[in-house]
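> Below is the file start_4.csv, which contains CSV, N, CA and C atoms.
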chain,number,residue,atom,x,y,z
A,1,MET,N,13.9,-3.7,17.6
A,1,MET,CA,12.5,-3.8,17.4
A,1,MET,C,12.0,-5.1,18.0
A,2,LEU,N,12.7,-6.2,17.8
A,2,LEU,CA,12.3,-7.5,18.3
A,2,LEU,C,12.3,-7.5,19.8
A,3,ILE,N,13.3,-6.9,20.4
A,3,ILE,CA,13.3,-6.8,21.9
A,3,ILE,C,12.1,-6.1,22.5
A,4,VAL,N,11.7,-5.0,21.8
A,4,VAL,CA,10.5,-4.3,22.3
A,4,VAL,C,9.3,-5.2,22.2
A,5,VAL,N,9.1,-5.9,21.1
A,5,VAL,CA,8.0,-6.7,20.9
A,5,VAL,C,8.0,-7.9,22.0
A,6,LEU,N,9.1,-8.5,22.2
A,6,LEU,CA,9.2,-9.5,23.2
A,6,LEU,C,8.9,-9.0,24.6
A,7,PHE,N,9.4,-7.8,24.9
A,7,PHE,CA,9.2,-7.2,26.2
A,7,PHE,C,7.7,-6.9,26.5
A,8,VAL,N,7.1,-6.3,25.5
A,8,VAL,CA,5.6,-6.0,25.6
A,8,VAL,C,4.8,-7.3,25.7
A,9,GLY,N,5.1,-8.2,24.9
A,9,GLY,CA,4.4,-9.5,24.9
A,9,GLY,C,4.6,-10.2,26.2
A,10,PHE,N,5.8,-10.2,26.8
A,10,PHE,CA,6.0,-10.8,28.1
A,10,PHE,C,5.1,-10.1,29.2
A,11,LYS,N,5.1,-8.7,29.2
A,11,LYS,CA,4.3,-8.0,30.2
A,11,LYS,C,2.8,-8.3,30.0
A,12,VAL,N,2.3,-8.4,28.8
A,12,VAL,CA,0.9,-8.7,28.6
A,12,VAL,C,0.6,-10.1,29.1
A,13,MET,N,1.5,-11.0,28.8
A,13,MET,CA,1.3,-12.4,29.3
A,13,MET,C,1.3,-12.5,30.8
A,14,GLN,N,2.2,-11.7,31.4
A,14,GLN,CA,2.4,-11.7,32.9
A,14,GLN,C,1.1,-11.1,33.5
A,15,VAL,N,0.6,-10.1,33.0
A,15,VAL,CA,-0.6,-9.5,33.6
A,15,VAL,C,-1.8,-10.4,33.5
A,16,ASN,N,-2.0,-11.1,32.3
A,16,ASN,CA,-3.1,-12.0,32.1
A,16,ASN,C,-3.0,-13.2,33.0
A,17,THR,N,-1.7,-13.7,33.2
A,17,THR,CA,-1.5,-14.9,34.1
A,17,THR,C,-1.9,-14.5,35.5
A,18,LYS,N,-1.6,-13.4,36.0
A,18,LYS,CA,-1.8,-13.0,37.4
A,18,LYS,C,-3.3,-12.8,37.6
A,19,LYS,N,-4.1,-12.6,36.6
A,19,LYS,CA,-5.6,-12.5,36.8
A,19,LYS,C,-6.1,-13.8,37.1
A,20,HIS,N,-5.6,-14.9,36.5
A,20,HIS,CA,-6.2,-16.2,36.7
A,20,HIS,C,-5.4,-17.0,37.8
A,21,SER,N,-4.2,-16.6,38.1
A,21,SER,CA,-3.4,-17.3,39.0
A,21,SER,C,-2.6,-16.2,39.9
A,22,PRO,N,-3.3,-15.6,40.9
A,22,PRO,CA,-2.7,-14.5,41.6
A,22,PRO,C,-1.5,-15.0,42.5
A,23,GLU,N,-0.6,-14.0,42.7
A,23,GLU,CA,0.5,-14.3,43.5
A,23,GLU,C,0.2,-14.3,45.0
A,24,ASP,N,0.9,-15.1,45.7
A,24,ASP,CA,0.7,-15.2,47.2
A,24,ASP,C,2.1,-15.4,47.8
A,25,THR,N,2.2,-15.1,49.1
A,25,THR,CA,3.4,-15.2,49.8
A,25,THR,C,3.2,-16.0,51.1
A,26,VAL,N,4.0,-17.0,51.4
A,26,VAL,CA,3.9,-17.7,52.6
A,26,VAL,C,5.3,-17.6,53.3
A,27,THR,N,5.2,-17.4,54.6
A,27,THR,CA,6.4,-17.3,55.5
A,27,THR,C,6.3,-18.3,56.5
A,28,PHE,N,7.4,-19.1,56.7
A,28,PHE,CA,7.6,-20.1,57.7
A,28,PHE,C,8.8,-19.8,58.5
A,29,ALA,N,8.6,-19.8,59.8
A,29,ALA,CA,9.7,-19.5,60.8
A,29,ALA,C,9.8,-20.6,61.8
A,30,MET,N,11.1,-21.0,62.0
A,30,MET,CA,11.4,-22.0,63.0
A,30,MET,C,12.7,-21.7,63.6
A,31,ASP,N,12.7,-21.5,65.0
A,31,ASP,CA,13.9,-21.1,65.7
A,31,ASP,C,14.4,-19.8,65.2
A,32,GLN,N,15.6,-19.8,64.6
A,32,GLN,CA,16.2,-18.5,64.1
A,32,GLN,C,16.2,-18.5,62.6
A,33,THR,N,15.5,-19.5,62.0
A,33,THR,CA,15.4,-19.6,60.5
A,33,THR,C,14.1,-19.1,60.0
A,34,GLN,N,14.0,-18.3,58.9
A,34,GLN,CA,12.8,-17.9,58.3
A,34,GLN,C,12.9,-18.1,56.8
A,35,VAL,N,11.8,-18.7,56.3
A,35,VAL,CA,11.8,-19.0,54.9
A,35,VAL,C,10.5,-18.3,54.3
A,36,THR,N,10.7,-17.5,53.3
A,36,THR,CA,9.6,-16.9,52.6
A,36,THR,C,9.5,-17.4,51.2
A,37,VAL,N,8.3,-17.8,50.8
A,37,VAL,CA,8.1,-18.4,49.4
A,37,VAL,C,7.1,-17.5,48.7
A,38,LYS,N,7.4,-17.0,47.5
A,38,LYS,CA,6.4,-16.3,46.7
A,38,LYS,C,6.0,-17.2,45.5
A,39,TYR,N,4.7,-17.4,45.4
A,39,TYR,CA,4.3,-18.3,44.3
A,39,TYR,C,2.9,-17.9,43.7
A,40,CYS,N,2.5,-18.5,42.7
A,40,CYS,CA,1.3,-18.3,42.0
A,40,CYS,C,0.3,-19.3,42.4
A,41,ARG,N,-0.8,-18.9,43.0
A,41,ARG,CA,-1.9,-19.8,43.4
A,41,ARG,C,-2.6,-20.3,42.2
A,42,PRO,N,-3.0,-21.6,42.2
A,42,PRO,CA,-3.8,-22.1,41.0
A,42,PRO,C,-5.1,-21.4,40.9
A,43,PHE,N,-5.7,-20.9,41.9
A,43,PHE,CA,-7.0,-20.2,41.8
A,43,PHE,C,-7.1,-19.3,43.0
A,44,LYS,N,-8.0,-18.3,42.9
A,44,LYS,CA,-8.2,-17.3,44.0
A,44,LYS,C,-9.2,-17.9,45.0
A,45,LYS,N,-8.9,-17.8,46.3
A,45,LYS,CA,-9.8,-18.3,47.3
A,45,LYS,C,-11.0,-17.4,47.4
A,46,PRO,N,-12.2,-18.0,47.5
A,46,PRO,CA,-13.4,-17.1,47.6
A,46,PRO,C,-13.4,-16.4,49.0
A,47,GLY,N,-13.9,-15.2,49.1
A,47,GLY,CA,-14.0,-14.5,50.3
A,47,GLY,C,-13.0,-13.6,50.7
Now that the file is in, can you turn its structure into structure tokens?


Amino acid sequence: MLIVVLFVGFKVMQVNTKKHSPEDTVTFAMDQTQVTVKYCRPFKKPG
């Protein structure tokens, strides 16, 4: 029962966090190396 409550609470928190701090992905490539970073922006850019 506790696991179900924690799982549902985590999902609700995750959805509400993404509304205010949307995820974004940045890719940087140099020579033969490529780095991709997935992060939460502090705010959504207008436009």

> Write out as a VMD selection string each polymer residue whose atoms come within 6.5 Å of Thr27 in chain A, counting all atoms listed in the file; drop sequence neighbours fewer than 5 positions from it.

chain A and resid 35 to 37

> With distances taken over all atoms listed in the file, which residue among A:Ile3, A:Lys38, A:Gly9, A:Gln14 lies nearest Val26 in chain A?

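Selected residue with least distance to Val26 in chain A: A:Lys38.
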
> Can you pull out the residues contacting Glu23 in chain A? Cut-off 5 Å, using all atoms listed in the file, and skip same-chain residues under 4 positions away; I want them as a list in words.

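Counting all atoms listed in the file, the residues come to Tyr39, Cys40 and Arg41 of chain A.
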
> Just give me the gap between CA of Pro22 in chain A and CA of Val5 in chain A in Å, one decimal is fine.

24.6 Å
